[in-house]
$ cat target_0.cif   # mmCIF, C-alpha atoms; chains and numbers go by the auth columns
data_protein
#
loop_
_atom_site.group_PDB
_atom_site.id
_atom_site.type_symbol
_atom_site.label_atom_id
_atom_site.label_comp_id
_atom_site.label_asym_id
_atom_site.label_seq_id
_atom_site.Cartn_x
_atom_site.Cartn_y
_atom_site.Cartn_z
_atom_site.B_iso_or_equiv
_atom_site.auth_seq_id
_atom_site.auth_asym_id
ATOM 1 C CA MET A 1 14.085 -11.408 -2.595 0.00 220 A
ATOM 2 C CA ASP A 2 13.635 -14.585 -0.618 0.00 221 A
ATOM 3 C CA LYS A 3 10.708 -15.899 1.424 0.00 222 A
ATOM 4 C CA SER A 4 12.228 -14.915 4.782 0.00 223 A
ATOM 5 C CA ARG A 5 12.539 -11.275 3.667 0.00 224 A
ATOM 6 C CA LEU A 6 8.920 -11.231 2.490 0.00 225 A
ATOM 7 C CA LEU A 7 7.743 -12.736 5.771 0.00 226 A
ATOM 8 C CA LYS A 8 9.414 -9.828 7.573 0.00 227 A
ATOM 9 C CA ILE A 9 7.789 -7.210 5.332 0.00 228 A
ATOM 10 C CA PHE A 10 4.189 -8.504 5.240 0.00 229 A
ATOM 11 C CA PRO A 11 3.238 -8.153 8.933 0.00 230 A
ATOM 12 C CA LYS A 12 4.844 -4.718 9.365 0.00 231 A
ATOM 13 C CA ALA A 13 3.148 -1.365 8.899 0.00 232 A
ATOM 14 C CA PHE A 14 3.207 -0.136 5.309 0.00 233 A
ATOM 15 C CA ASN A 15 6.588 1.188 4.179 0.00 234 A
ATOM 16 C CA GLN A 16 6.567 2.537 0.631 0.00 235 A
ATOM 17 C CA SER A 17 10.256 1.908 -0.104 0.00 236 A
ATOM 18 C CA GLU A 18 10.023 -1.736 1.034 0.00 237 A
ATOM 19 C CA TRP A 19 6.949 -2.362 -1.106 0.00 238 A
ATOM 20 C CA ILE A 20 8.582 -0.752 -4.132 0.00 239 A
ATOM 21 C CA GLU A 21 11.407 -3.271 -3.701 0.00 240 A
ATOM 22 C CA VAL A 22 8.830 -6.090 -3.512 0.00 241 A
ATOM 23 C CA LEU A 23 7.231 -4.852 -6.732 0.00 242 A
ATOM 24 C CA LYS A 24 10.599 -4.685 -8.469 0.00 243 A
ATOM 25 C CA GLU A 25 12.134 -7.915 -7.213 0.00 244 A
ATOM 26 C CA VAL A 26 9.114 -10.219 -6.970 0.00 245 A
ATOM 27 C CA PHE A 27 6.855 -8.916 -9.717 0.00 246 A
ATOM 28 C CA GLY A 28 9.458 -7.456 -12.068 0.00 247 A
ATOM 29 C CA ALA A 29 8.041 -3.931 -11.966 0.00 248 A
ATOM 30 C CA ARG A 30 10.193 -1.638 -14.058 0.00 249 A
ATOM 31 C CA GLN A 31 8.171 1.570 -14.162 0.00 250 A
ATOM 32 C CA ILE A 32 7.970 3.057 -10.682 0.00 251 A
ATOM 33 C CA LEU A 33 7.247 6.760 -10.809 0.00 252 A
ATOM 34 C CA ASP A 34 9.387 9.258 -8.891 0.00 253 A
ATOM 35 C CA GLN A 35 6.281 11.378 -8.376 0.00 254 A
ATOM 36 C CA PRO A 36 3.261 9.096 -7.932 0.00 255 A
ATOM 37 C CA THR A 37 0.263 10.102 -10.053 0.00 256 A
ATOM 38 C CA PRO A 38 -2.779 11.140 -7.970 0.00 257 A
ATOM 39 C CA ILE A 39 -5.964 9.122 -8.555 0.00 258 A
ATOM 40 C CA LEU A 40 -9.177 11.130 -8.337 0.00 259 A
ATOM 41 C CA LEU A 41 -11.589 9.744 -5.720 0.00 260 A
ATOM 42 C CA ARG A 42 -15.197 10.846 -6.132 0.00 261 A
ATOM 43 C CA GLY A 43 -17.756 10.386 -3.398 0.00 262 A
ATOM 44 C CA ASN A 44 -15.532 8.076 -1.376 0.00 263 A
ATOM 45 C CA ASP A 45 -15.439 8.125 2.417 0.00 264 A
ATOM 46 C CA LYS A 46 -13.118 5.113 2.764 0.00 265 A
ATOM 47 C CA ALA A 47 -9.880 6.704 1.560 0.00 266 A
ATOM 48 C CA LYS A 48 -8.581 10.262 1.846 0.00 267 A
ATOM 49 C CA ALA A 49 -6.213 9.965 -1.115 0.00 268 A
ATOM 50 C CA ALA A 50 -4.961 7.484 -3.684 0.00 269 A
ATOM 51 C CA TYR A 51 -1.858 7.434 -5.876 0.00 270 A
ATOM 52 C CA GLN A 52 -0.487 5.307 -8.673 0.00 271 A
ATOM 53 C CA PRO A 53 3.226 4.795 -7.931 0.00 272 A
ATOM 54 C CA GLY A 54 3.841 2.648 -11.001 0.00 273 A
ATOM 55 C CA SER A 55 2.840 -0.228 -13.228 0.00 274 A
ATOM 56 C CA PHE A 56 4.331 -3.349 -14.742 0.00 275 A
ATOM 57 C CA ALA A 57 3.696 -6.121 -17.251 0.00 276 A
ATOM 58 C CA THR A 58 3.605 -9.726 -16.083 0.00 277 A
ATOM 59 C CA CYS A 59 5.401 -12.575 -17.837 0.00 278 A
ATOM 60 C CA ASP A 60 2.120 -13.436 -19.602 0.00 279 A
ATOM 61 C CA ASP A 61 1.761 -9.853 -20.905 0.00 280 A
ATOM 62 C CA ARG A 62 -0.864 -8.649 -18.460 0.00 281 A
ATOM 63 C CA PHE A 63 -0.594 -4.995 -17.466 0.00 282 A
ATOM 64 C CA VAL A 64 -0.828 -4.324 -13.708 0.00 283 A
ATOM 65 C CA GLN A 65 -1.251 -0.851 -12.231 0.00 284 A
ATOM 66 C CA ASN A 66 -0.341 -0.366 -8.601 0.00 285 A
ATOM 67 C CA ALA A 67 -2.396 1.844 -6.321 0.00 286 A
ATOM 68 C CA GLU A 68 -1.571 3.250 -2.933 0.00 287 A
ATOM 69 C CA LEU A 69 -4.464 4.355 -0.698 0.00 288 A
#
$ encode --input "target_0.cif" --output "C-alpha cells"
Amino acid sequence: MDKSRLLKIFPKAFNQSEWIEVLKEVFGARQILDQPTPILLRGNDKAKAAYQPGSFATCDDRFVQNAEL
C-alpha cells in the first residue's frame, strides 16, 4: 500500500474493510478475526461497544492488539 492510498483512507469516515487492509499491508497483521471478539467495557460512558478484530507481531517481536470502539 503506497502513501497516496493511505492519504485517501485517513481523512475518510471509518471503514472496517479498508482499515483491515491497512493493518495487513502496512503493519503485517496476519491474524484478523472473522468474528471480532467483544471487549467488556465497565463503567464507561465514552464508548457503547468495543471489539478486538485481530492482533499482530511487529518486526521487533512486539505483540499489538487492535481495538475497534
$ closest_residue --input "target_0.cif" --among "A:Lys227, A:Pro272, A:Thr277, A:Val245" --to "Pro257 (chain A)" --atoms "only C-alpha atoms"
A:Pro272
$ closest_residue --input "target_0.cif" --among "A:Met220, A:Glu237, A:Phe282, A:Ile251" --to "Tyr270 (chain A)" --atoms "only C-alpha atoms"
A:Ile251
$ residues_near_point --input "target_0.cif" --point "(5.1, -3.1, -0.7)" --cutoff "12 Å" --atoms "all atoms listed in the file" --output "JSON list (two decimals) with C-alpha atoms, in the frame of the given file"
[["chain", "number", "residue", "atom", "x", "y", "z"],
["A", 224, "ARG", "CA", 12.54, -11.28, 3.67],
["A", 225, "LEU", "CA", 8.92, -11.23, 2.49],
["A", 226, "LEU", "CA", 7.74, -12.74, 5.77],
["A", 227, "LYS", "CA", 9.41, -9.83, 7.57],
["A", 228, "ILE", "CA", 7.79, -7.21, 5.33],
["A", 229, "PHE", "CA", 4.19, -8.50, 5.24],
["A", 230, "PRO", "CA", 3.24, -8.15, 8.93],
["A", 231, "LYS", "CA", 4.84, -4.72, 9.36],
["A", 232, "ALA", "CA", 3.15, -1.36, 8.90],
["A", 233, "PHE", "CA", 3.21, -0.14, 5.31],
["A", 234, "ASN", "CA", 6.59, 1.19, 4.18],
["A", 235, "GLN", "CA", 6.57, 2.54, 0.63],
["A", 236, "SER", "CA", 10.26, 1.91, -0.10],
["A", 237, "GLU", "CA", 10.02, -1.74, 1.03],
["A", 238, "TRP", "CA", 6.95, -2.36, -1.11],
["A", 239, "ILE", "CA", 8.58, -0.75, -4.13],
["A", 240, "GLU", "CA", 11.41, -3.27, -3.70],
["A", 241, "VAL", "CA", 8.83, -6.09, -3.51],
["A", 242, "LEU", "CA", 7.23, -4.85, -6.73],
["A", 243, "LYS", "CA", 10.60, -4.68, -8.47],
["A", 244, "GLU", "CA", 12.13, -7.92, -7.21],
["A", 245, "VAL", "CA", 9.11, -10.22, -6.97],
["A", 246, "PHE", "CA", 6.86, -8.92, -9.72],
["A", 248, "ALA", "CA", 8.04, -3.93, -11.97],
["A", 272, "PRO", "CA", 3.23, 4.80, -7.93],
["A", 273, "GLY", "CA", 3.84, 2.65, -11.00],
["A", 285, "ASN", "CA", -0.34, -0.37, -8.60],
["A", 286, "ALA", "CA", -2.40, 1.84, -6.32],
["A", 287, "GLU", "CA", -1.57, 3.25, -2.93]]
$ atom_distance --input "target_0.cif" --atom1 "CA of Val283 (chain A)" --atom2 "CA of Ala269 (chain A)"
16.0 Å
$ closest_residue --input "target_0.cif" --among "A:Ser223, A:Cys278, A:Gly262, A:Lys267" --to "Gly247 (chain A)" --atoms "all atoms listed in the file"
A:Cys278
$ atom_distance --input "target_0.cif" --atom1 "CA of Ala276 (chain A)" --atom2 "CA of Arg261 (chain A)"
27.7 Å
$ atom_distance --input "target_0.cif" --atom1 "CA of Leu259 (chain A)" --atom2 "CA of Arg281 (chain A)"
23.7 Å
$ closest_residue --input "target_0.cif" --among "A:Lys265, A:Ser274, A:Gln284, A:Lys222" --to "Arg249 (chain A)" --atoms "only C-alpha atoms"
A:Ser274
